[in-house]
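Asker: This one is final-v1.txt, compact mmCIF, C-alpha atoms and all ligand atoms.
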```txt
# COMPACT_ATOMS: atom_id res chain seq x y z
CA MET A 1 82.03 120.39 86.13
CA VAL A 2 84.37 119.47 88.95
CA MET A 3 84.39 115.88 90.21
CA ARG A 4 85.98 115.05 93.54
CA VAL A 5 86.92 111.46 94.26
CA LEU A 6 87.81 110.09 97.67
CA GLY A 7 90.07 107.03 97.27
CA ILE A 8 90.65 104.34 99.89
CA GLU A 9 93.45 101.77 99.66
CA SER A 10 93.58 98.88 102.14
CA SER A 11 94.71 95.83 100.15
CA CYS A 12 97.77 94.97 102.18
CA ASP A 13 99.83 96.71 104.86
CA GLU A 14 99.23 100.37 104.07
CA THR A 15 96.08 102.35 104.75
CA GLY A 16 95.89 105.14 102.19
CA VAL A 17 93.23 107.81 101.71
CA ALA A 18 93.32 110.61 99.13
CA LEU A 19 91.21 113.19 97.41
CA VAL A 20 91.61 113.74 93.68
CA GLU A 21 89.85 116.43 91.65
CA LEU A 22 89.03 116.26 87.99
CA ASN A 23 87.32 118.74 85.72
CA GLU A 24 84.79 116.66 83.86
CA PRO A 25 84.77 117.39 80.14
CA GLN A 26 81.76 119.25 78.86
CA PRO A 27 79.34 117.11 76.85
CA GLY A 28 80.38 117.19 73.20
CA ALA A 29 83.89 118.47 73.99
CA GLN A 30 86.53 117.02 71.67
CA SER A 31 90.22 116.42 71.95
CA GLY A 32 92.72 115.09 69.45
CA SER A 33 93.95 112.29 71.73
CA GLY A 34 91.40 109.73 70.67
CA GLU A 35 90.59 109.15 74.34
CA GLY A 36 87.82 111.74 74.63
CA ALA A 37 88.41 115.12 76.21
CA GLN A 38 91.11 114.59 78.83
CA THR A 39 91.84 116.88 81.70
CA VAL A 40 94.71 116.50 84.09
CA PRO A 41 93.65 115.12 87.47
CA ARG A 42 94.83 117.02 90.52
CA LEU A 43 95.80 115.50 93.86
CA LEU A 44 94.24 117.68 96.57
CA ALA A 45 95.60 115.74 99.56
CA HIS A 46 96.68 112.25 100.52
CA ALA A 47 97.46 110.54 103.80
CA LEU A 48 99.03 107.21 104.52
CA HIS A 49 99.59 104.96 107.49
CA SER A 50 102.16 102.23 106.99
CA GLN A 51 101.87 99.11 109.14
CA VAL A 52 105.49 98.17 108.51
CA ASP A 53 106.54 98.67 112.15
CA MET A 54 103.69 96.48 113.36
CA HIS A 55 104.46 93.58 111.00
CA GLN A 56 108.23 93.84 111.35
CA ALA A 57 108.29 91.71 114.50
CA TYR A 58 106.73 88.84 112.52
CA GLY A 59 108.98 89.15 109.45
CA GLY A 60 106.01 89.69 107.13
CA VAL A 61 102.40 90.82 106.92
CA VAL A 62 100.00 89.17 109.41
CA PRO A 63 96.62 89.43 107.62
CA GLU A 64 94.45 89.56 110.75
CA LEU A 65 96.54 92.33 112.30
CA ALA A 66 96.50 94.20 108.99
CA SER A 67 92.68 94.18 108.84
CA ARG A 68 92.28 95.37 112.41
CA ASP A 69 94.74 98.18 111.89
CA HIS A 70 93.01 99.36 108.69
CA ILE A 71 89.80 99.64 110.76
CA ARG A 72 91.57 101.86 113.30
CA ARG A 73 93.22 104.11 110.72
CA VAL A 74 90.89 104.65 107.81
CA LEU A 75 88.43 107.20 109.23
CA PRO A 76 91.04 109.40 110.97
CA LEU A 77 93.03 109.42 107.71
CA ALA A 78 89.90 110.38 105.75
CA ARG A 79 89.19 113.24 108.16
CA ASP A 80 92.77 114.42 107.86
CA VAL A 81 92.66 114.38 104.03
CA LEU A 82 89.37 116.30 103.88
CA ALA A 83 90.61 118.89 106.38
CA ARG A 84 93.87 119.45 104.51
CA ALA A 85 92.02 119.75 101.19
CA HIS A 86 89.42 122.09 102.77
CA VAL A 87 86.68 119.90 101.33
CA GLU A 88 83.53 118.83 103.18
CA LEU A 89 82.54 115.17 103.04
CA ALA A 90 79.23 116.25 101.46
CA ASP A 91 81.21 117.74 98.55
CA VAL A 92 82.79 114.42 97.60
CA ASP A 93 81.17 113.13 94.39
CA LEU A 94 82.45 109.57 94.26
CA ILE A 95 84.00 107.15 96.72
CA ALA A 96 86.54 104.69 95.31
CA TYR A 97 88.11 101.74 97.07
CA THR A 98 90.53 98.96 96.22
CA GLN A 99 88.36 95.98 95.33
CA GLY A 100 91.30 93.59 94.77
CA PRO A 101 93.63 91.87 94.47
CA GLY A 102 94.91 91.65 98.04
CA LEU A 103 94.17 90.25 101.48
CA ALA A 104 90.44 89.53 101.73
CA GLY A 105 89.98 90.88 105.27
CA ALA A 106 92.01 93.99 104.54
CA LEU A 107 90.10 94.68 101.32
CA LEU A 108 86.79 94.28 103.16
CA VAL A 109 87.68 97.17 105.49
CA GLY A 110 88.14 99.65 102.62
CA ALA A 111 85.11 98.29 100.76
CA GLY A 112 82.93 98.41 103.87
CA VAL A 113 83.92 101.96 104.76
CA ALA A 114 83.52 103.17 101.16
CA CYS A 115 80.04 101.64 100.85
CA ALA A 116 78.96 102.92 104.28
CA LEU A 117 80.10 106.45 103.39
CA GLY A 118 78.47 106.23 99.97
CA SER A 119 75.21 104.99 101.44
CA ALA A 120 75.15 107.66 104.17
CA LEU A 121 75.92 110.44 101.70
CA GLY A 122 73.84 109.09 98.83
CA LYS A 123 76.95 109.13 96.62
CA PRO A 124 78.12 106.41 94.19
CA VAL A 125 80.98 104.03 94.95
CA LEU A 126 83.44 102.39 92.60
CA GLY A 127 85.73 99.37 93.20
CA ILE A 128 89.16 99.70 91.62
CA HIS A 129 91.81 97.14 90.66
CA HIS A 130 94.91 97.79 92.76
CA LEU A 131 97.30 97.32 89.82
CA GLU A 132 95.27 99.67 87.64
CA GLY A 133 95.93 102.25 90.35
CA HIS A 134 99.66 101.56 90.18
CA LEU A 135 99.86 101.70 86.41
CA LEU A 136 97.90 104.95 86.11
CA SER A 137 99.73 106.59 89.05
CA PRO A 138 102.27 108.44 86.81
CA PHE A 139 99.33 110.54 85.54
CA LEU A 140 99.64 112.40 88.86
CA SER A 141 103.34 113.10 88.27
CA ALA A 142 104.99 116.22 86.91
CA ASP A 143 105.68 114.31 83.67
CA PRO A 144 102.49 112.36 82.91
CA PRO A 145 102.52 109.80 80.07
CA SER A 146 100.10 109.55 77.20
CA PHE A 147 98.59 106.36 75.76
CA PRO A 148 99.66 103.89 74.46
CA PHE A 149 102.54 102.62 76.59
CA VAL A 150 104.19 99.53 77.98
CA ALA A 151 103.78 99.16 81.75
CA LEU A 152 106.20 97.30 83.97
CA LEU A 153 104.26 96.53 87.16
CA VAL A 154 106.58 95.46 89.91
CA SER A 155 105.05 95.17 93.35
CA GLY A 156 105.31 92.79 96.30
CA GLY A 157 102.79 90.40 94.78
CA HIS A 158 102.99 91.02 91.03
CA THR A 159 105.48 91.26 88.21
CA GLN A 160 103.79 91.94 84.89
CA LEU A 161 104.43 93.60 81.57
CA MET A 162 101.27 95.08 80.09
CA ARG A 163 100.40 96.87 76.90
CA VAL A 164 98.20 99.83 77.87
CA ASP A 165 96.17 101.41 75.07
CA GLY A 166 93.88 103.51 77.25
CA VAL A 167 91.93 103.42 80.50
CA GLY A 168 90.62 99.86 80.91
CA ARG A 169 92.45 98.66 77.80
CA TYR A 170 95.12 96.41 79.26
CA ALA A 171 96.73 93.43 77.53
CA LEU A 172 99.07 91.13 79.41
CA LEU A 173 102.41 90.67 77.62
CA GLY A 174 104.16 88.58 80.25
CA GLU A 175 104.26 87.89 83.98
CA THR A 176 106.05 85.93 86.63
CA VAL A 177 105.42 82.21 86.72
CA ASP A 178 106.25 82.05 90.44
CA ASP A 179 107.58 84.77 92.82
CA ALA A 180 107.20 88.48 92.12
CA ALA A 181 110.28 90.72 91.89
CA GLY A 182 109.30 92.35 95.20
CA GLU A 183 109.03 88.91 96.78
CA ALA A 184 112.53 88.08 95.49
CA PHE A 185 113.81 91.26 97.15
CA ASP A 186 111.89 90.53 100.37
CA LYS A 187 112.80 86.84 100.67
CA SER A 188 116.48 87.41 99.85
CA ALA A 189 116.56 90.26 102.36
CA LYS A 190 115.07 87.99 105.01
CA LEU A 191 117.77 85.38 104.36
CA LEU A 192 120.36 88.14 104.75
CA GLY A 193 118.87 89.05 108.14
CA LEU A 194 117.46 92.39 106.97
CA GLY A 195 114.13 93.73 108.17
CA TYR A 196 110.74 93.72 106.48
CA PRO A 197 110.01 95.00 103.86
CA GLY A 198 113.28 93.79 102.47
CA GLY A 199 113.47 95.65 99.15
CA PRO A 200 114.60 99.05 100.41
CA ALA A 201 116.90 97.46 103.04
CA LEU A 202 118.53 95.16 100.49
CA ALA A 203 118.97 98.05 98.05
CA ARG A 204 120.67 100.11 100.78
CA LEU A 205 123.04 97.29 101.70
CA ALA A 206 123.80 96.67 98.02
CA GLU A 207 125.25 100.19 97.71
CA HIS A 208 128.32 98.97 99.63
CA GLY A 209 128.69 95.68 97.79
CA ASN A 210 130.36 94.31 94.69
CA ALA A 211 127.84 92.50 92.49
CA GLN A 212 130.62 90.59 90.69
CA SER A 213 131.50 88.65 93.84
CA PHE A 214 128.67 86.17 93.35
CA ASP A 215 127.31 84.52 90.25
CA LEU A 216 123.53 84.31 90.69
CA PRO A 217 121.05 82.92 88.14
CA ARG A 218 118.92 85.11 85.87
CA PRO A 219 115.98 82.74 85.32
CA LEU A 220 114.13 82.91 81.98
CA LEU A 221 116.52 85.62 80.75
CA HIS A 222 116.77 83.85 77.40
CA SER A 223 113.31 82.27 77.37
CA GLY A 224 112.30 84.18 74.26
CA ASN A 225 109.05 85.32 75.88
CA LEU A 226 108.19 88.08 78.34
CA ASP A 227 107.64 85.89 81.39
CA PHE A 228 109.68 86.05 84.59
CA SER A 229 110.70 83.56 87.27
CA PHE A 230 112.27 84.63 90.54
CA ALA A 231 111.71 81.64 92.84
CA GLY A 232 115.10 80.11 92.04
CA LEU A 233 116.92 83.27 93.02
CA LYS A 234 116.14 83.03 96.73
CA THR A 235 117.30 79.40 96.69
CA ALA A 236 120.59 80.51 95.08
CA VAL A 237 120.95 83.22 97.74
CA ARG A 238 120.35 80.62 100.45
CA VAL A 239 122.99 78.29 98.96
CA GLN A 240 125.56 81.12 98.79
CA LEU A 241 124.81 82.09 102.39
CA GLU A 242 125.26 78.49 103.53
CA ARG A 243 128.65 78.45 101.80
CA LEU A 244 129.64 81.58 103.71
CA GLY A 245 129.15 79.77 107.02
CA SER A 246 127.28 80.67 110.19
CA SER A 247 128.44 84.29 110.54
CA PRO A 248 129.26 85.87 107.18
CA CYS A 249 131.15 89.19 107.35
CA ASP A 250 129.37 92.44 106.54
CA GLN A 251 131.20 92.86 103.25
CA ALA A 252 130.17 89.40 102.04
CA LYS A 253 126.54 90.20 102.88
CA ALA A 254 126.75 93.51 101.04
CA ASP A 255 128.30 91.74 98.04
CA LEU A 256 125.52 89.15 98.04
CA ALA A 257 122.88 91.91 98.31
CA ALA A 258 124.46 93.71 95.35
CA ALA A 259 124.55 90.50 93.30
CA THR A 260 120.88 89.80 94.14
CA GLN A 261 119.74 93.28 93.20
CA THR A 262 121.74 93.16 89.95
CA ALA A 263 120.26 89.77 89.02
CA ILE A 264 116.69 91.03 89.56
CA VAL A 265 117.30 94.30 87.74
CA ASP A 266 119.06 92.54 84.82
CA VAL A 267 115.97 90.43 84.17
CA LEU A 268 113.46 93.28 84.63
CA LEU A 269 115.50 95.46 82.29
CA LYS A 270 115.99 92.90 79.54
CA LYS A 271 112.32 91.88 79.48
CA SER A 272 111.13 95.50 79.54
CA LEU A 273 113.32 96.34 76.55
CA ALA A 274 112.06 93.21 74.78
CA ALA A 275 108.46 94.30 75.43
CA LEU A 276 109.18 97.72 73.95
CA LYS A 277 110.75 96.11 70.91
CA ALA A 278 107.91 93.61 70.46
CA THR A 279 105.20 96.29 70.66
CA GLY A 280 107.16 99.02 68.86
CA LEU A 281 106.01 101.46 71.56
CA LYS A 282 108.24 104.34 72.61
CA ARG A 283 106.93 104.84 76.12
CA ILE A 284 107.20 102.83 79.31
CA VAL A 285 105.62 103.32 82.72
CA VAL A 286 107.26 101.69 85.72
CA ALA A 287 104.97 101.32 88.72
CA GLY A 288 104.67 99.41 91.99
CA GLY A 289 106.97 99.33 95.00
CA VAL A 290 110.03 97.91 93.21
CA GLY A 291 109.74 100.85 90.81
CA ALA A 292 111.30 102.90 93.61
CA ASN A 293 114.54 100.93 93.22
CA ARG A 294 117.32 103.28 92.19
CA MET A 295 119.36 100.82 90.19
CA LEU A 296 116.31 99.81 88.15
CA ARG A 297 115.47 103.47 87.51
CA GLU A 298 118.98 104.45 86.48
CA ARG A 299 119.68 101.50 84.21
CA LEU A 300 116.26 101.64 82.56
CA ALA A 301 116.64 105.38 82.00
CA ALA A 302 120.05 104.89 80.37
CA GLU A 303 118.92 102.06 78.07
CA CYS A 304 115.69 103.81 77.10
CA LYS A 305 117.53 107.03 76.30
CA LYS A 306 119.68 105.15 73.79
CA ARG A 307 116.50 103.86 72.12
CA GLY A 308 114.53 107.11 72.13
CA VAL A 309 112.04 105.68 74.66
CA ARG A 310 110.40 107.90 77.33
CA VAL A 311 110.23 106.48 80.86
CA HIS A 312 107.50 107.61 83.25
CA HIS A 313 107.37 106.97 86.98
CA PRO A 314 104.90 107.97 89.67
CA GLU A 315 106.29 110.51 92.13
CA LEU A 316 108.48 108.63 94.60
CA ASP A 317 105.97 108.85 97.47
CA LEU A 318 103.28 107.33 95.22
CA CYS A 319 105.41 104.33 94.10
CA THR A 320 104.30 102.15 96.99
CA ASP A 321 100.65 101.63 97.96
CA ASN A 322 98.55 104.76 98.47
CA GLY A 323 95.01 106.08 98.20
CA ALA A 324 95.86 108.66 95.53
CA MET A 325 96.28 106.06 92.81
CA ILE A 326 92.88 104.55 93.66
CA ALA A 327 91.10 107.92 93.54
CA LEU A 328 92.96 108.73 90.31
CA ALA A 329 92.05 105.44 88.61
CA ALA A 330 88.39 105.98 89.55
CA ALA A 331 88.41 109.54 88.20
CA MET A 332 90.04 108.43 84.95
CA ARG A 333 87.55 105.55 84.58
CA VAL A 334 84.61 107.92 84.99
CA GLN A 335 86.18 110.32 82.51
CA ALA A 336 86.72 107.50 80.00
CA GLY A 337 83.11 106.34 80.44
CA GLN A 338 84.35 103.03 81.83
CA ALA A 339 83.10 103.08 85.38
CA ALA A 340 80.82 100.42 86.81
CA VAL A 341 79.60 102.81 89.51
CA ARG A 342 77.36 101.19 92.11
CA ARG A 343 74.60 102.65 94.15
CA ASP A 344 73.34 99.42 95.72
CA TYR A 345 76.24 99.47 98.22
CA ALA A 346 76.39 95.67 98.15
CA PHE A 347 80.13 95.47 98.27
CA GLU A 348 82.23 92.55 97.17
CA VAL A 349 86.00 92.17 97.12
CA LYS A 350 88.18 90.17 94.74
CA PRO A 351 91.30 88.91 96.52
CA ARG A 352 92.41 87.28 93.25
CA TRP A 353 91.69 89.32 90.14
CA GLU A 354 93.43 89.54 86.76
CA LEU A 355 94.07 93.08 85.57
CA ALA A 356 93.55 92.12 81.94
CA SER A 357 89.95 91.10 82.84
CA VAL A 358 89.04 94.54 84.24
O1 LIG A 401 103.45 98.14 95.39
P1 LIG A 401 103.85 97.84 96.79
O2 LIG A 401 104.00 98.96 97.76
O3 LIG A 401 102.88 96.84 97.47
C1 LIG A 401 102.27 95.80 96.80
O4 LIG A 401 101.24 96.06 96.12
O5 LIG A 401 102.83 94.67 96.89
O6 LIG A 401 105.24 97.03 96.69
C2 LIG A 401 105.91 96.56 97.80
C3 LIG A 401 107.19 95.88 97.34
C4 LIG A 401 107.91 95.14 98.46
O7 LIG A 401 108.28 93.87 97.98
C5 LIG A 401 109.15 96.01 98.71
O8 LIG A 401 110.24 95.28 99.21
C6 LIG A 401 109.41 96.56 97.34
O9 LIG A 401 108.12 96.85 96.83
N1 LIG A 401 110.24 97.78 97.34
C7 LIG A 401 111.49 97.83 96.82
C8 LIG A 401 111.96 99.15 97.04
N2 LIG A 401 110.97 99.86 97.68
C9 LIG A 401 109.92 99.00 97.84
N3 LIG A 401 112.22 96.90 96.19
C10 LIG A 401 113.46 97.25 95.79
N4 LIG A 401 113.98 98.47 95.97
C11 LIG A 401 113.29 99.45 96.59
N5 LIG A 401 113.82 100.66 96.74
ZN ZN A 402 100.77 97.76 95.39
```
What does this structure look like when you write it as structure tokens?
Ligand code: KG4
Ligand code: ZN

Answerer:
Amino acid sequence: MVMRVLGIESSCDETGVALVELNEPQPGAQSGSGEGAQTVPRLLAHALHSQVDMHQAYGGVVPELASRDHIRRVLPLARDVLARAHVELADVDLIAYTQGPGLAGALLVGAGVACALGSALGKPVLGIHHLEGHLLSPFLSADPPSFPFVALLVSGGHTQLMRVDGVGRYALLGETVDDAAGEAFDKSAKLLGLGYPGGPALARLAEHGNAQSFDLPRPLLHSGNLDFSFAGLKTAVRVQLERLGSSPCDQAKADLAAATQTAIVDVLLKKSLAALKATGLKRIVVAGGVGANRMLRERLAAECKKRGVRVHHPELDLCTDNGAMIALAAAMRVQAGQAAVRRDYAFEVKPRWELASV
């Protein structure tokens, strides 16, 4: 039987809506994967509205503006997705939304719309953990992974290494004790006078710089565990900028950007390889916005190749926040028999929520 899931993402500064289709396994069907009969989910359509331009003037996300903009965008995006997929709203079987973590007001928009649609249509709704969406997102790629794998989750708010044994089977191996890797990119970029979000801008500037020109710290590189710390890095960037004086030349800024990117990537790389070694797993998934970083991709690919490890990424347009990963996670949860589907439409959001507790 075909199951169609409408996914709504509104946890931060992107409104995403998508429709994912899954052929539900027949009762009693078997597969050799140990995960029950798996079928490959198919993305029928997805649409996204980024609020980056709106928040740029403030140098970061303004939660109240984010919520109001999600309200404006979500239904037109949903209409667009359904039209492009040639699917009627009545033919949607399940409505999924990001339940957390994220900005409370922003999450409430997606949750409210999902529950209202579900109630009006008499269809079930399912709240999804945002990071579960990110870590399962490579299942929509041309080269999907198989379980188990190590996941490096690197977004604006999170930096975590997880052991993933199946849908809903997530064990935390290590995480940041302060700033996330994306935050380190964003805050350093802000100090360098680059726009918001800083990650892509800093990575672009770094292309013209020499990373050897500055010696920046790699916190917790030799800590012996799989935790990260990035808060000290922005302080080091600030100190270097102060040394350069009031108007540093473009080359010095590019050099500092390159050194910052290299410091972040060095730590992410070393800890990821340590996680692979500690678990003995031969597969790694890299997900979340920072996963789009080219240097991280290239260096991880090279090191993993030497070790016979397969690296899986979501398609580039699904690296940052989107509705497809939320619809996908919901479909995979239902398929794995792990969905707390609700029909009471009493929605709640979880602005703070540990993935390992899902
Ligand atoms: O996963 P995401 O879209 O949103 C959150 O859930 O936080 O991640 C956004 C983060 C931002 O910090 C952004 O600067 C960073 O991902 N990012 C990048 C790149 N593209 C996005 N960081 C480094 N290099 C990139 N190419
Ligand atoms: Zn995200």

Asker: In terms of the shortest atom-to-atom distance over only C-alpha atoms, which of A:Ala90, A:Val62, A:Cys304, A:Ala120 is closest to Leu103 of chain A?

Answerer: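 Using only C-alpha atoms, Leu103 of chain A sits closest to A:Val62.
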
Asker: Ranking A:Pro144, A:Gly224, A:Pro76, A:Pro200 by minimum distance to ligand LIG 401 (chain A) and counting all atoms listed in the file, which one comes first?

Answerer: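 Counting all atoms listed in the file, the residue closest to ligand LIG 401 (chain A) is A:Pro200.
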
Asker: Within 9 Å of Glu183 of chain A, counting only C-alpha atoms, which residues qualify if same-chain residues fewer than 2 places away don't, as a VMD selection string?

Answerer: chain A and resid 155 to 158 179 to 181 185 to 188 198 to 199 230 to 231

Asker: Provide the atom CA of Leu256 of chain A to atom CA of Leu316 of chain A distance in Å, to one decimal place.

Answerer: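 Pair atom CA of Leu256 of chain A / atom CA of Leu316 of chain A returns 26.1 Å.
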
Asker: Within 10 Å of ligand ZN 402 (chain A), counting all atoms listed in the file: which residues, as a compact mmCIF listing (two decimals) with C-alpha atoms, in the frame of the given file?

Answerer:
```
# COMPACT_ATOMS: atom_id res chain seq x y z
CA GLU A 9 93.45 101.77 99.66
CA SER A 10 93.58 98.88 102.14
CA SER A 11 94.71 95.83 100.15
CA CYS A 12 97.77 94.97 102.18
CA ASP A 13 99.83 96.71 104.86
CA GLU A 14 99.23 100.37 104.07
CA PRO A 101 93.63 91.87 94.47
CA GLY A 102 94.91 91.65 98.04
CA HIS A 130 94.91 97.79 92.76
CA LEU A 131 97.30 97.32 89.82
CA GLU A 132 95.27 99.67 87.64
CA GLY A 133 95.93 102.25 90.35
CA HIS A 134 99.66 101.56 90.18
CA LEU A 135 99.86 101.70 86.41
CA LEU A 153 104.26 96.53 87.16
CA VAL A 154 106.58 95.46 89.91
CA SER A 155 105.05 95.17 93.35
CA GLY A 156 105.31 92.79 96.30
CA GLY A 157 102.79 90.40 94.78
CA HIS A 158 102.99 91.02 91.03
CA ALA A 287 104.97 101.32 88.72
CA GLY A 288 104.67 99.41 91.99
CA GLY A 289 106.97 99.33 95.00
CA VAL A 290 110.03 97.91 93.21
CA LEU A 318 103.28 107.33 95.22
CA CYS A 319 105.41 104.33 94.10
CA THR A 320 104.30 102.15 96.99
CA ASP A 321 100.65 101.63 97.96
CA ASN A 322 98.55 104.76 98.47
CA MET A 325 96.28 106.06 92.81
```

Asker: If we count all atoms listed in the file and set the cut-off at 9 Å, which residues sit around Leu221 of chain A, ignoring sequence neighbours fewer than 6 positions away in its own chain? Please answer as a list in words.

Answerer: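 The residues that qualify are Asp227, Phe228, Ser229, Asp266, Val267, Lys270 and Lys271 of chain A.
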
Asker: Any idea what the distance is between atom CA of Lys123 of chain A and atom CA of Gly168 of chain A?

Answerer: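 Between atom CA of Lys123 of chain A and atom CA of Gly168 of chain A the gap works out to 22.8 Å.
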
Asker: Which of these residues is nearest to Ala189 of chain A, using all atoms listed in the file: A:Arg243, A:Lys277, A:Lys234, A:His208?

Answerer: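 The shortest atom-to-atom distance to Ala189 of chain A comes from A:Lys234.
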
Asker: Counting all atoms listed in the file, which residue out of A:Val17, A:Ala263, A:Val125, A:Ile71 sits closest to Leu48 of chain A?

Answerer: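 Using all atoms listed in the file, Leu48 of chain A sits closest to A:Val17.
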
Asker: Complete the atoms of segment 117-124 of chain A to all heavy atoms and put them out as an mmCIF file, in the frame of the given file.

Answerer:
```cif
data_model
loop_
_atom_site.group_PDB
_atom_site.id
_atom_site.type_symbol
_atom_site.label_atom_id
_atom_site.label_comp_id
_atom_site.auth_asym_id
_atom_site.auth_seq_id
_atom_site.Cartn_x
_atom_site.Cartn_y
_atom_site.Cartn_z
ATOM 1 N N LEU A 117 80.069 105.003 103.661
ATOM 2 C CA LEU A 117 80.100 106.450 103.390
ATOM 3 C C LEU A 117 79.181 106.786 102.220
ATOM 4 O O LEU A 117 78.407 107.749 102.267
ATOM 5 C CB LEU A 117 81.530 106.894 103.049
ATOM 6 C CG LEU A 117 82.504 107.093 104.214
ATOM 7 C CD1 LEU A 117 83.897 107.442 103.671
ATOM 8 C CD2 LEU A 117 82.016 108.202 105.141
ATOM 9 N N GLY A 118 79.281 105.991 101.160
ATOM 10 C CA GLY A 118 78.470 106.230 99.970
ATOM 11 C C GLY A 118 76.984 106.179 100.305
ATOM 12 O O GLY A 118 76.200 107.051 99.890
ATOM 13 N N SER A 119 76.618 105.166 101.083
ATOM 14 C CA SER A 119 75.210 104.990 101.440
ATOM 15 C C SER A 119 74.724 106.164 102.306
ATOM 16 O O SER A 119 73.638 106.716 102.093
ATOM 17 C CB SER A 119 75.058 103.664 102.183
ATOM 18 O OG SER A 119 73.805 103.581 102.768
ATOM 19 N N ALA A 120 75.548 106.567 103.274
ATOM 20 C CA ALA A 120 75.150 107.660 104.170
ATOM 21 C C ALA A 120 75.017 108.977 103.420
ATOM 22 O O ALA A 120 74.137 109.785 103.717
ATOM 23 C CB ALA A 120 76.181 107.793 105.297
ATOM 24 N N LEU A 121 75.908 109.169 102.428
ATOM 25 C CA LEU A 121 75.920 110.440 101.700
ATOM 26 C C LEU A 121 75.033 110.416 100.461
ATOM 27 O O LEU A 121 74.813 111.453 99.826
ATOM 28 C CB LEU A 121 77.351 110.781 101.256
ATOM 29 C CG LEU A 121 78.383 110.994 102.360
ATOM 30 C CD1 LEU A 121 79.793 111.009 101.766
ATOM 31 C CD2 LEU A 121 78.110 112.302 103.098
ATOM 32 N N GLY A 122 74.598 109.223 100.080
ATOM 33 C CA GLY A 122 73.840 109.090 98.830
ATOM 34 C C GLY A 122 74.730 109.311 97.610
ATOM 35 O O GLY A 122 74.272 109.781 96.561
ATOM 36 N N LYS A 123 75.998 108.946 97.733
ATOM 37 C CA LYS A 123 76.950 109.130 96.620
ATOM 38 C C LYS A 123 77.373 107.763 96.070
ATOM 39 O O LYS A 123 77.375 106.765 96.798
ATOM 40 C CB LYS A 123 78.199 109.878 97.111
ATOM 41 C CG LYS A 123 77.918 111.278 97.631
ATOM 42 C CD LYS A 123 77.569 112.223 96.496
ATOM 43 C CE LYS A 123 77.006 113.550 96.985
ATOM 44 N NZ LYS A 123 77.947 114.436 97.620
ATOM 45 N N PRO A 124 77.734 107.696 94.787
ATOM 46 C CA PRO A 124 78.120 106.410 94.190
ATOM 47 C C PRO A 124 79.480 105.922 94.698
ATOM 48 O O PRO A 124 80.294 106.720 95.154
ATOM 49 C CB PRO A 124 78.186 106.729 92.696
ATOM 50 C CG PRO A 124 78.416 108.196 92.617
ATOM 51 C CD PRO A 124 77.767 108.805 93.818
#
```
